[in-house]
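Participant: Just passing along the structure, written as structure tokens.
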Amino acid sequence: MTDDTALLVSLNNNPLWLPQEYIQKKIRQILCAALVITVLHLVLLKVFSVLLANRSASSAKTTEKTERESVASEKEKSIILWKASYQATNLLVNLFIGCFGIYHVYNLPSVADVTEKVVGLEEYAIFGCLQAGYQLWALPVGFFFVGETTIMMFHHIAVIVVSSRAIFCTNGFRYYIPFFLGLIEISSVPLSIMNAFKNNKSLIQKYPGAYSNIRIAFGLSFLAARVIMWLPRIMDFNRIILIMISTSEEISSQAALGATFAAATVLTLMQQYWAFLVIRGLLSGPKKAPVKNE
């Protein structure tokens, strides 16, 4: 038995959950984060609604539509509004979480023993609270109003599982959390901008150079954060979890560790699948938006 394994065996003796008062405080922080993000989204939804209404009013003076066309147009506007406000909210939240994560990742000790990687650092549970609140907002909005894909629904759930470990468990692996739940979100900032272009093809026609540059920025940031930096960290993270599962004698502990391992593995497989799509997209170049005949 190596020294690391002996330490991990001893850490299995820790209580599964942090103190109840602490957990209650963190639940309030999660709900607060979800509420703040929801309010931000509603404000942005209102702003975009006013902007679109003004734009529609000016175009309505020169265009007459049938009743059926008007109903279809209203549905289309609703979808546009929800997607635009959803992406703008994602951009702002990811920018904040990503920058917050960058600051803390580069203030972590570069070398840490296995004990430091597993226990302590409860101050970093704030990343879990932010992410849990963020995902609790994104799940219903993405499912009911934006039409997010099934894989993104599973992504939200997997992030909540990993976040819950960092928030509520004594062995919370919080040394890794500023990276896994913080820094990597910086790659989602150019993604939100890129999606805004995709949802408004006229922007691609009007600013093809900007669209090409944002695609490259997204691709490079995604590969740097979610592949090059992600893989060595997740391998160490999962290695420690597997050792703790194999040496634990408590079924509840094994189940909680197993859920974390499964969620982390699912997230890793998703990242690598998306990395494949990103590389393919960068090599093929941007698709030209169809030119509409006036």
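Ordering of the structure tokens sets the chain letters (A, B, ...), residue numbers begin anew at 1 in every chain, and ligands are numbered from 1 in the order given.
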From a DSSP pass on the backbone, collect the residues of stretch 64-291 of chain A flagged as helix (DSSP H, G or I) and hand them back as a ChimeraX atom specification.
Facilitator: /A:67-105,114-118,122-146,150-168,177-180,183-199,201-206,208-228,230-247,251-284
Participant: Name the residues in contact with A:Gly219 at a cut-off of 10 Å, using only C-alpha atoms, excluding same-chain residues fewer than 5 positions from it; report them as a ChimeraX atom specification.
Facilitator: /A:187,190-191,213-214,224,275,277-279,281-282
Participant: Between atom CA of A:Ile157 and atom CA of A:Ala264, measure the distance and give it in Å to one decimal.
Facilitator: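 Pair atom CA of A:Ile157 / atom CA of A:Ala264 returns 11.0 Å.
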Participant: Do you know which residues are at most 9 Å from stretch 226-238 of chain A counting only C-alpha atoms, after dropping those on the same chain fewer than 6 positions away, and could you put them as a PDB file with N, CA, C and O atoms, in the first residue's frame?
Facilitator:
ATOM      1  N   LYS A 117      -6.075  17.669  -1.528  1.00  0.00           N
ATOM      2  CA  LYS A 117      -6.936  17.557  -2.706  1.00  0.00           C
ATOM      3  C   LYS A 117      -8.338  17.054  -2.351  1.00  0.00           C
ATOM      4  O   LYS A 117      -9.287  17.284  -3.104  1.00  0.00           O
ATOM      5  N   PHE A 173     -13.239  17.228  -2.445  1.00  0.00           N
ATOM      6  CA  PHE A 173     -12.311  17.394  -3.581  1.00  0.00           C
ATOM      7  C   PHE A 173     -12.302  18.855  -4.051  1.00  0.00           C
ATOM      8  O   PHE A 173     -12.245  19.128  -5.247  1.00  0.00           O
ATOM      9  N   TYR A 176      -9.856  20.929  -6.657  1.00  0.00           N
ATOM     10  CA  TYR A 176     -10.044  20.955  -8.109  1.00  0.00           C
ATOM     11  C   TYR A 176     -11.157  21.904  -8.549  1.00  0.00           C
ATOM     12  O   TYR A 176     -11.282  22.208  -9.741  1.00  0.00           O
ATOM     13  N   PHE A 179     -11.112  25.094 -10.861  1.00  0.00           N
ATOM     14  CA  PHE A 179     -10.914  24.783 -12.280  1.00  0.00           C
ATOM     15  C   PHE A 179     -12.165  24.172 -12.898  1.00  0.00           C
ATOM     16  O   PHE A 179     -12.721  24.690 -13.866  1.00  0.00           O
ATOM     17  N   PHE A 180     -12.633  23.034 -12.333  1.00  0.00           N
ATOM     18  CA  PHE A 180     -13.748  22.302 -12.934  1.00  0.00           C
ATOM     19  C   PHE A 180     -15.048  23.098 -12.972  1.00  0.00           C
ATOM     20  O   PHE A 180     -15.832  22.960 -13.917  1.00  0.00           O
ATOM     21  N   ILE A 184     -13.019  26.799 -16.485  1.00  0.00           N
ATOM     22  CA  ILE A 184     -13.401  26.282 -17.808  1.00  0.00           C
ATOM     23  C   ILE A 184     -14.564  27.046 -18.423  1.00  0.00           C
ATOM     24  O   ILE A 184     -14.738  27.021 -19.649  1.00  0.00           O
ATOM     25  N   SER A 187     -14.440  29.518 -21.641  1.00  0.00           N
ATOM     26  CA  SER A 187     -14.599  29.138 -23.045  1.00  0.00           C
ATOM     27  C   SER A 187     -16.044  29.268 -23.513  1.00  0.00           C
ATOM     28  O   SER A 187     -16.314  29.289 -24.715  1.00  0.00           O
ATOM     29  N   THR A 260     -20.314  10.662  -8.088  1.00  0.00           N
ATOM     30  CA  THR A 260     -19.388  11.721  -8.503  1.00  0.00           C
ATOM     31  C   THR A 260     -18.501  11.246  -9.641  1.00  0.00           C
ATOM     32  O   THR A 260     -18.278  11.965 -10.615  1.00  0.00           O
ATOM     33  N   PHE A 261     -17.987  10.017  -9.510  1.00  0.00           N
ATOM     34  CA  PHE A 261     -17.138   9.448 -10.567  1.00  0.00           C
ATOM     35  C   PHE A 261     -17.914   9.359 -11.877  1.00  0.00           C
ATOM     36  O   PHE A 261     -17.399   9.712 -12.947  1.00  0.00           O
ATOM     37  N   ALA A 264     -18.474  12.885 -13.356  1.00  0.00           N
ATOM     38  CA  ALA A 264     -17.222  13.432 -13.889  1.00  0.00           C
ATOM     39  C   ALA A 264     -16.831  12.742 -15.189  1.00  0.00           C
ATOM     40  O   ALA A 264     -16.338  13.381 -16.123  1.00  0.00           O
ATOM     41  N   THR A 265     -17.075  11.436 -15.263  1.00  0.00           N
ATOM     42  CA  THR A 265     -16.754  10.688 -16.481  1.00  0.00           C
ATOM     43  C   THR A 265     -17.666  11.094 -17.625  1.00  0.00           C
ATOM     44  O   THR A 265     -17.221  11.273 -18.765  1.00  0.00           O
ATOM     45  N   THR A 268     -16.542  14.388 -18.920  1.00  0.00           N
ATOM     46  CA  THR A 268     -15.311  14.242 -19.690  1.00  0.00           C
ATOM     47  C   THR A 268     -15.600  13.710 -21.093  1.00  0.00           C
ATOM     48  O   THR A 268     -15.052  14.210 -22.089  1.00  0.00           O
ATOM     49  N   GLN A 271     -17.043  16.475 -23.129  1.00  0.00           N
ATOM     50  CA  GLN A 271     -16.030  17.455 -23.543  1.00  0.00           C
ATOM     51  C   GLN A 271     -15.235  16.943 -24.746  1.00  0.00           C
ATOM     52  O   GLN A 271     -14.945  17.693 -25.678  1.00  0.00           O
ATOM     53  N   GLN A 272     -14.900  15.648 -24.710  1.00  0.00           N
ATOM     54  CA  GLN A 272     -14.091  15.108 -25.803  1.00  0.00           C
ATOM     55  C   GLN A 272     -14.895  14.987 -27.093  1.00  0.00           C
ATOM     56  O   GLN A 272     -14.369  15.187 -28.189  1.00  0.00           O
ATOM     57  N   ALA A 275     -15.060  18.425 -28.349  1.00  0.00           N
ATOM     58  CA  ALA A 275     -13.743  18.802 -28.866  1.00  0.00           C
ATOM     59  C   ALA A 275     -13.567  18.284 -30.293  1.00  0.00           C
ATOM     60  O   ALA A 275     -13.011  18.982 -31.154  1.00  0.00           O
TER      61      ALA A 275
END
Participant: Could you state the separation of atom CA of A:Ile177 and atom CA of A:Val105 in Å, given to one decimal place?
Facilitator: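 If I compute the distance from atom CA of A:Ile177 to atom CA of A:Val105, I get 8.7 Å.
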Participant: At a cut-off of 9 Å, using only C-alpha atoms, what residues contact A:Asn171? Leave out same-chain residues fewer than 2 positions from it and give the result as a list in words.
Facilitator: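 Here the qualifying residues turn out to be Leu11, Asn12, Asn14, Pro15, Leu16, Trp17, Leu18, Lys117, Val118, Val119, Gly120, Arg165, Ala166, Phe168, Cys169, Phe173 and Arg174 of chain A.
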Participant: Excluding same-chain residues fewer than 4 positions from A:Glu249, what lies within 12 Å of it counting only C-alpha atoms, as a ChimeraX atom specification?
Facilitator: /A:9-14,244-245,253-255
Participant: Store the residues picked out above in a file with all heavy atoms, as a PDB file, in the first residue's frame.
Facilitator:
ATOM      1  N   VAL A   9      -7.329   5.869   2.554  1.00  0.00           N
ATOM      2  CA  VAL A   9      -8.062   4.925   3.407  1.00  0.00           C
ATOM      3  C   VAL A   9      -8.475   5.615   4.701  1.00  0.00           C
ATOM      4  O   VAL A   9      -9.610   5.472   5.176  1.00  0.00           O
ATOM      5  CB  VAL A   9      -7.211   3.678   3.701  1.00  0.00           C
ATOM      6  CG1 VAL A   9      -7.874   2.827   4.789  1.00  0.00           C
ATOM      7  CG2 VAL A   9      -7.017   2.854   2.437  1.00  0.00           C
ATOM      8  N   SER A  10      -7.563   6.399   5.268  1.00  0.00           N
ATOM      9  CA  SER A  10      -7.883   7.099   6.513  1.00  0.00           C
ATOM     10  C   SER A  10      -8.947   8.175   6.293  1.00  0.00           C
ATOM     11  O   SER A  10      -9.789   8.431   7.164  1.00  0.00           O
ATOM     12  CB  SER A  10      -6.617   7.725   7.111  1.00  0.00           C
ATOM     13  OG  SER A  10      -6.132   8.787   6.290  1.00  0.00           O
ATOM     14  N   LEU A  11      -8.943   8.800   5.107  1.00  0.00           N
ATOM     15  CA  LEU A  11      -9.934   9.833   4.820  1.00  0.00           C
ATOM     16  C   LEU A  11     -11.336   9.253   4.667  1.00  0.00           C
ATOM     17  O   LEU A  11     -12.331   9.962   4.851  1.00  0.00           O
ATOM     18  CB  LEU A  11      -9.546  10.596   3.543  1.00  0.00           C
ATOM     19  CG  LEU A  11      -8.272  11.450   3.630  1.00  0.00           C
ATOM     20  CD1 LEU A  11      -7.975  12.110   2.299  1.00  0.00           C
ATOM     21  CD2 LEU A  11      -8.398  12.506   4.724  1.00  0.00           C
ATOM     22  N   ASN A  12     -11.423   7.968   4.334  1.00  0.00           N
ATOM     23  CA  ASN A  12     -12.729   7.313   4.256  1.00  0.00           C
ATOM     24  C   ASN A  12     -13.441   7.259   5.614  1.00  0.00           C
ATOM     25  O   ASN A  12     -14.647   7.009   5.684  1.00  0.00           O
ATOM     26  CB  ASN A  12     -12.585   5.890   3.698  1.00  0.00           C
ATOM     27  CG  ASN A  12     -12.649   5.869   2.170  1.00  0.00           C
ATOM     28  OD1 ASN A  12     -13.353   6.658   1.556  1.00  0.00           O
ATOM     29  ND2 ASN A  12     -11.903   4.949   1.564  1.00  0.00           N
ATOM     30  N   ASN A  13     -12.667   7.480   6.676  1.00  0.00           N
ATOM     31  CA  ASN A  13     -13.267   7.478   8.016  1.00  0.00           C
ATOM     32  C   ASN A  13     -13.957   8.794   8.354  1.00  0.00           C
ATOM     33  O   ASN A  13     -14.654   8.890   9.371  1.00  0.00           O
ATOM     34  CB  ASN A  13     -12.186   7.171   9.068  1.00  0.00           C
ATOM     35  CG  ASN A  13     -11.616   5.773   8.917  1.00  0.00           C
ATOM     36  OD1 ASN A  13     -12.345   4.826   8.611  1.00  0.00           O
ATOM     37  ND2 ASN A  13     -10.304   5.628   9.108  1.00  0.00           N
ATOM     38  N   ASN A  14     -13.746   9.807   7.507  1.00  0.00           N
ATOM     39  CA  ASN A  14     -14.410  11.091   7.740  1.00  0.00           C
ATOM     40  C   ASN A  14     -15.923  10.942   7.561  1.00  0.00           C
ATOM     41  O   ASN A  14     -16.385  10.101   6.777  1.00  0.00           O
ATOM     42  CB  ASN A  14     -13.907  12.145   6.739  1.00  0.00           C
ATOM     43  CG  ASN A  14     -12.487  12.578   7.025  1.00  0.00           C
ATOM     44  OD1 ASN A  14     -11.995  12.445   8.144  1.00  0.00           O
ATOM     45  ND2 ASN A  14     -11.807  13.097   6.006  1.00  0.00           N
ATOM     46  N   MET A 244     -10.625   5.560  -3.336  1.00  0.00           N
ATOM     47  CA  MET A 244     -11.479   5.714  -2.160  1.00  0.00           C
ATOM     48  C   MET A 244     -12.691   4.780  -2.223  1.00  0.00           C
ATOM     49  O   MET A 244     -13.129   4.244  -1.205  1.00  0.00           O
ATOM     50  CB  MET A 244     -11.916   7.178  -2.009  1.00  0.00           C
ATOM     51  CG  MET A 244     -10.754   8.123  -1.720  1.00  0.00           C
ATOM     52  SD  MET A 244     -11.271   9.798  -1.279  1.00  0.00           S
ATOM     53  CE  MET A 244     -11.916   9.538   0.366  1.00  0.00           C
ATOM     54  N   ILE A 245     -13.241   4.573  -3.418  1.00  0.00           N
ATOM     55  CA  ILE A 245     -14.356   3.627  -3.559  1.00  0.00           C
ATOM     56  C   ILE A 245     -13.905   2.222  -3.193  1.00  0.00           C
ATOM     57  O   ILE A 245     -14.592   1.495  -2.451  1.00  0.00           O
ATOM     58  CB  ILE A 245     -14.911   3.644  -5.004  1.00  0.00           C
ATOM     59  CG1 ILE A 245     -15.622   4.973  -5.296  1.00  0.00           C
ATOM     60  CG2 ILE A 245     -15.884   2.474  -5.222  1.00  0.00           C
ATOM     61  CD1 ILE A 245     -16.066   5.125  -6.737  1.00  0.00           C
ATOM     62  N   SER A 253     -21.021   5.872   1.411  1.00  0.00           N
ATOM     63  CA  SER A 253     -19.845   6.567   0.902  1.00  0.00           C
ATOM     64  C   SER A 253     -19.495   6.099  -0.498  1.00  0.00           C
ATOM     65  O   SER A 253     -19.186   6.904  -1.391  1.00  0.00           O
ATOM     66  CB  SER A 253     -18.651   6.353   1.841  1.00  0.00           C
ATOM     67  OG  SER A 253     -17.487   6.975   1.318  1.00  0.00           O
ATOM     68  N   GLN A 254     -19.548   4.781  -0.715  1.00  0.00           N
ATOM     69  CA  GLN A 254     -19.270   4.241  -2.039  1.00  0.00           C
ATOM     70  C   GLN A 254     -20.266   4.751  -3.073  1.00  0.00           C
ATOM     71  O   GLN A 254     -19.898   5.080  -4.201  1.00  0.00           O
ATOM     72  CB  GLN A 254     -19.302   2.714  -1.998  1.00  0.00           C
ATOM     73  CG  GLN A 254     -18.143   2.084  -1.233  1.00  0.00           C
ATOM     74  CD  GLN A 254     -18.282   0.575  -1.126  1.00  0.00           C
ATOM     75  OE1 GLN A 254     -19.386   0.035  -1.158  1.00  0.00           O
ATOM     76  NE2 GLN A 254     -17.160  -0.117  -1.005  1.00  0.00           N
ATOM     77  N   ALA A 255     -21.547   4.841  -2.689  1.00  0.00           N
ATOM     78  CA  ALA A 255     -22.576   5.309  -3.615  1.00  0.00           C
ATOM     79  C   ALA A 255     -22.359   6.776  -3.985  1.00  0.00           C
ATOM     80  O   ALA A 255     -22.466   7.159  -5.167  1.00  0.00           O
ATOM     81  CB  ALA A 255     -23.952   5.126  -2.992  1.00  0.00           C
TER      82      ALA A 255
END
Participant: Per residue of stretch 86-110 of chain A within 12 Å of stretch 140-153 of chain A, note the shortest atom pair and the distance in Å to one decimal, counting only C-alpha atoms, and order the rows by chain and increasing residue number, as a Markdown table.
Facilitator:
| residue | atom | partner | partner_atom | distance |
| --- | --- | --- | --- | --- |
| A:Tyr86 | CA | A:Val146 | CA | 7.7 |
| A:Gln87 | CA | A:Val146 | CA | 9.8 |
| A:Thr89 | CA | A:Val141 | CA | 11.3 |
| A:Asn90 | CA | A:Gly142 | CA | 11.2 |
Participant: So that I can see what lies close to A:Ile193, please list as JSON, numbers by chain the residues with an atom at most 12 Å from it, counting only C-alpha atoms and leaving out residues fewer than 2 positions away in the same chain.
Facilitator: {"A": [83, 84, 85, 86, 87, 88, 89, 90, 91, 92, 94, 95, 187, 188, 189, 190, 191, 195, 196, 197, 198, 199, 200, 203, 204, 210, 211, 212, 213, 214, 215, 216, 217, 218]}
Participant: For A:Ile97, find every residue with an atom within 8 Å (counting only C-alpha atoms), except residues of its own chain fewer than 6 positions away, and show them as a PDB file with all heavy atoms, in the first residue's frame.
Facilitator:
ATOM      1  N   PHE A 127     -18.012  27.998  -5.523  1.00  0.00           N
ATOM      2  CA  PHE A 127     -18.107  27.649  -6.942  1.00  0.00           C
ATOM      3  C   PHE A 127     -19.226  26.630  -7.172  1.00  0.00           C
ATOM      4  O   PHE A 127     -19.957  26.708  -8.154  1.00  0.00           O
ATOM      5  CB  PHE A 127     -16.777  27.079  -7.448  1.00  0.00           C
ATOM      6  CG  PHE A 127     -15.708  28.111  -7.637  1.00  0.00           C
ATOM      7  CD1 PHE A 127     -14.761  28.344  -6.654  1.00  0.00           C
ATOM      8  CD2 PHE A 127     -15.638  28.855  -8.804  1.00  0.00           C
ATOM      9  CE1 PHE A 127     -13.769  29.297  -6.822  1.00  0.00           C
ATOM     10  CE2 PHE A 127     -14.656  29.816  -8.991  1.00  0.00           C
ATOM     11  CZ  PHE A 127     -13.713  30.039  -7.992  1.00  0.00           C
ATOM     12  N   LEU A 130     -22.576  28.496  -6.891  1.00  0.00           N
ATOM     13  CA  LEU A 130     -22.851  29.268  -8.099  1.00  0.00           C
ATOM     14  C   LEU A 130     -23.285  28.362  -9.242  1.00  0.00           C
ATOM     15  O   LEU A 130     -24.257  28.648  -9.955  1.00  0.00           O
ATOM     16  CB  LEU A 130     -21.604  30.063  -8.501  1.00  0.00           C
ATOM     17  CG  LEU A 130     -21.209  31.227  -7.591  1.00  0.00           C
ATOM     18  CD1 LEU A 130     -19.850  31.780  -7.990  1.00  0.00           C
ATOM     19  CD2 LEU A 130     -22.267  32.329  -7.647  1.00  0.00           C
ATOM     20  N   LEU A 181     -15.297  23.900 -11.948  1.00  0.00           N
ATOM     21  CA  LEU A 181     -16.554  24.642 -11.880  1.00  0.00           C
ATOM     22  C   LEU A 181     -16.351  26.140 -12.078  1.00  0.00           C
ATOM     23  O   LEU A 181     -17.302  26.907 -11.918  1.00  0.00           O
ATOM     24  CB  LEU A 181     -17.247  24.382 -10.541  1.00  0.00           C
ATOM     25  CG  LEU A 181     -17.601  22.922 -10.232  1.00  0.00           C
ATOM     26  CD1 LEU A 181     -18.302  22.809  -8.876  1.00  0.00           C
ATOM     27  CD2 LEU A 181     -18.465  22.314 -11.336  1.00  0.00           C
ATOM     28  N   GLY A 182     -15.130  26.547 -12.408  1.00  0.00           N
ATOM     29  CA  GLY A 182     -14.849  27.964 -12.565  1.00  0.00           C
ATOM     30  C   GLY A 182     -14.160  28.298 -13.873  1.00  0.00           C
ATOM     31  O   GLY A 182     -14.787  28.714 -14.834  1.00  0.00           O
ATOM     32  N   LEU A 183     -12.860  28.084 -13.914  1.00  0.00           N
ATOM     33  CA  LEU A 183     -12.044  28.518 -15.047  1.00  0.00           C
ATOM     34  C   LEU A 183     -12.568  28.056 -16.399  1.00  0.00           C
ATOM     35  O   LEU A 183     -12.574  28.827 -17.363  1.00  0.00           O
ATOM     36  CB  LEU A 183     -10.599  28.034 -14.862  1.00  0.00           C
ATOM     37  CG  LEU A 183      -9.600  28.414 -15.937  1.00  0.00           C
ATOM     38  CD1 LEU A 183      -8.207  28.597 -15.333  1.00  0.00           C
ATOM     39  CD2 LEU A 183      -9.502  27.366 -17.048  1.00  0.00           C
ATOM     40  N   GLU A 185     -15.353  27.749 -17.605  1.00  0.00           N
ATOM     41  CA  GLU A 185     -16.500  28.465 -18.159  1.00  0.00           C
ATOM     42  C   GLU A 185     -16.089  29.643 -19.023  1.00  0.00           C
ATOM     43  O   GLU A 185     -16.919  30.192 -19.768  1.00  0.00           O
ATOM     44  CB  GLU A 185     -17.416  28.943 -17.033  1.00  0.00           C
ATOM     45  CG  GLU A 185     -18.071  27.839 -16.231  1.00  0.00           C
ATOM     46  CD  GLU A 185     -19.016  26.964 -17.058  1.00  0.00           C
ATOM     47  OE1 GLU A 185     -19.208  27.229 -18.268  1.00  0.00           O
ATOM     48  OE2 GLU A 185     -19.556  25.998 -16.488  1.00  0.00           O
ATOM     49  N   ILE A 186     -14.832  30.028 -18.980  1.00  0.00           N
ATOM     50  CA  ILE A 186     -14.384  31.146 -19.806  1.00  0.00           C
ATOM     51  C   ILE A 186     -14.521  30.818 -21.282  1.00  0.00           C
ATOM     52  O   ILE A 186     -14.737  31.710 -22.118  1.00  0.00           O
ATOM     53  CB  ILE A 186     -12.933  31.554 -19.442  1.00  0.00           C
ATOM     54  CG1 ILE A 186     -12.694  33.033 -19.775  1.00  0.00           C
ATOM     55  CG2 ILE A 186     -11.908  30.656 -20.112  1.00  0.00           C
ATOM     56  CD1 ILE A 186     -13.459  33.997 -18.914  1.00  0.00           C
TER      57      ILE A 186
END
Participant: Let me make sure I understand: among A:Tyr175, A:Ser284, A:Gln135, A:Ala53, which one has the smallest atom-to-atom distance to A:Pro109 if we use only C-alpha atoms?
Facilitator: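 Using only C-alpha atoms, the shortest distance to A:Pro109 belongs to A:Tyr175.
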Participant: Using only C-alpha atoms, which of A:Ile243, A:Ile23, A:Leu52, A:Val159 sits nearest A:Glu122?
Facilitator: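 Of A:Ile243, A:Ile23, A:Leu52, A:Val159, the one nearest A:Glu122 is A:Ile23, counting only C-alpha atoms.
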